[in-house]
Amino acid sequence: MTECHASSNRLASLRASFDEHEIDAMLVTDEINVRYLSGFTGDSSYLIVTPDDTCILSDGRYTTQLAQECPELRTAIRLSSKAMIDLVAEQIGELGPRRIGFEASTVSVAMFNSLQSKCTAAKWKETVGMVERLRMVKDAGEIALIRRAIDIAERAYRSIVPKLRPNWTELEIAHELESTMRLLGAESASFAAIIGSGVSGALPHYRPRPVTIADSASLLMDFGAKYKGYASDITRTLGNQQAPSVAYSGRSSSVVSDRFKQAHAAVLEAQLAAIDVMAPGVPAKDVDAIAREVLAKHGLADAFVHGLGHGIGLQIHESPRMSALSQETLAAGMVITVEPGVYFEGEFGIRIEDDVLVTDGGREVLSSLGKGLDDCPILM
Ligand code: ZN
Ligand code: ZN
């Protein structure tokens, strides 16, 4: 599907929800939502969507890029002497007395006050998640880009793991992953990789440090690539299972405990059980509950301290969330991470994360790296 077709379908879907939200037009201010609806990859630009027109409001830096990326859209380019809010007021003013939806998550109180004082004919209506709801279900073009982002991340991981040596630091591993993903075609990492050796793996949002991985029995690697705007997100937890006498380097090295092996197997069991129930119509919170039940059976319920997963797309974390609080129901076309984890402060942490596409018939696991402990060895 071309970008033009994609954006006209998306704009049509947005317009179809105007009645439900009791609005006649919509001011889109969220940068990612602007990109999703228009195909425009720049920043500092807004969209005004009416039932029969779409106008992108931008500035002179982007005239050429707008013509290339969204030639079908009307453009309103502000002069450098004019504030964006005044361009918005001018365009909204031309619509007359209308009910205009605005995105409550990106319009500040100051901007809202300006909109009200400068557009006196408009009736402003707060909206939440109108475009984000459309973004939850990916079209074929988006799924292809996510597959590519996953492939890049996996190739980087496969090239780096065999090279790990005790003198590598967490930070070096993170940099090596990122630069390899860029060499393979990623525009960047989709987020700052979490590389936690040994006890650091117990911190779910750890930032890698310049400490060597020597003598760490385990290594948690959470990473992803961004390809043409779309993110992948994968976690593997590696463990050293070799007895010290046969370790590759001939030196004494730490090996994972039986407790680690049991916990790793339990996390994998929870992940597989959760993936197994994913299908259109299933409440997202039920999938979270399945993973929690499996971990509870192994006495690990208290160690699973976060939600089971989140949507990926133009953002690394987007709707739907899979947690006990989730109100969403799975639908074909959603791409969601499944990432149960257990964390023991001062000891170790284990997380296993894959990217899963909900399909008409159930689900397809898009990521493919081996994930049993035997598939995730530290050899050094
Ligand atoms: Zn992750
Ligand atoms: Zn994630």
# chains A, B, ... in the order shown; residues from 1 in each chain; ligands from 1
>>> residues_around(residues="Leu177 in chain A", least_positions_apart="6", cutoff="10 Å", atoms="only C-alpha atoms", output="PyMOL selection string")
chain A and resi 153-161+171+183+189+193+221+223-225
>>> closest_atom_pairs(of="chain A", to="ligand 2", cutoff="7 Å", atoms="only C-alpha atoms and all ligand atoms", output="JSON lines")
{"residue": "A:Asp233", "atom": "CA", "partner": "ligand 2", "partner_atom_place_in_ligand_line": "1 (Zn)", "distance": 5.4}
{"residue": "A:Ile234", "atom": "CA", "partner": "ligand 2", "partner_atom_place_in_ligand_line": "1 (Zn)", "distance": 6.9}
{"residue": "A:Gly309", "atom": "CA", "partner": "ligand 2", "partner_atom_place_in_ligand_line": "1 (Zn)", "distance": 6.2}
{"residue": "A:His310", "atom": "CA", "partner": "ligand 2", "partner_atom_place_in_ligand_line": "1 (Zn)", "distance": 6.4}
{"residue": "A:Thr337", "atom": "CA", "partner": "ligand 2", "partner_atom_place_in_ligand_line": "1 (Zn)", "distance": 5.8}
{"residue": "A:Glu339", "atom": "CA", "partner": "ligand 2", "partner_atom_place_in_ligand_line": "1 (Zn)", "distance": 6.6}
{"residue": "A:Glu353", "atom": "CA", "partner": "ligand 2", "partner_atom_place_in_ligand_line": "1 (Zn)", "distance": 6.8}
>>> write_last_selection(atoms="N, CA and C atoms", output="short mmCIF file (atom, residue, chain, number, x, y, z; two decimals), in the first residue's frame")
data_model
loop_
_atom_site.label_atom_id
_atom_site.label_comp_id
_atom_site.auth_asym_id
_atom_site.auth_seq_id
_atom_site.Cartn_x
_atom_site.Cartn_y
_atom_site.Cartn_z
N ASP A 233 11.01 -4.53 19.51
CA ASP A 233 11.30 -4.54 20.95
C ASP A 233 11.41 -5.99 21.41
N ILE A 234 12.63 -6.42 21.73
CA ILE A 234 12.89 -7.83 22.04
C ILE A 234 13.74 -7.90 23.31
N GLY A 309 2.61 -6.49 28.51
CA GLY A 309 3.09 -6.03 27.21
C GLY A 309 2.41 -4.76 26.76
N HIS A 310 2.82 -4.29 25.59
CA HIS A 310 2.34 -3.01 25.04
C HIS A 310 2.37 -3.08 23.53
N THR A 337 3.83 -6.55 22.36
CA THR A 337 4.90 -7.31 22.99
C THR A 337 4.30 -8.21 24.07
N GLU A 339 5.94 -9.83 27.39
CA GLU A 339 7.21 -9.75 28.10
C GLU A 339 7.10 -9.95 29.61
N GLU A 353 10.93 -11.37 25.96
CA GLU A 353 9.99 -10.50 25.24
C GLU A 353 10.00 -10.79 23.74
#
>>> select_by_dssp(residues="range 183-338 of chain A", states="strand (DSSP E or B)", output="ChimeraX atom specification")
/A:188-189,194-197,212,218-223,225-227,230-231,234-239,283,309-311,318-322,329,335-338
>>> closest_residue(among="A:Asp375, A:Glu176, A:Asp354, A:Asp360", to="ligand 1", atoms="only C-alpha atoms and all ligand atoms")
A:Asp354
>>> atom_distance(atom1="CA of Leu145 in chain A", atom2="CA of Val282 in chain A")
25.4 Å
>>> atom_distance(atom1="CA of Thr64 in chain A", atom2="CA of Leu314 in chain A")
23.1 Å
>>> residues_around(residues="Gly311 in chain A", least_positions_apart="3", cutoff="6 Å", atoms="only C-alpha atoms", output="PyMOL selection string")
chain A and resi 317-320+335-336
>>> select_by_dssp(residues="range 189-271 of chain A", states="alpha helix (DSSP H)", output="ChimeraX atom specification")
/A:258-271
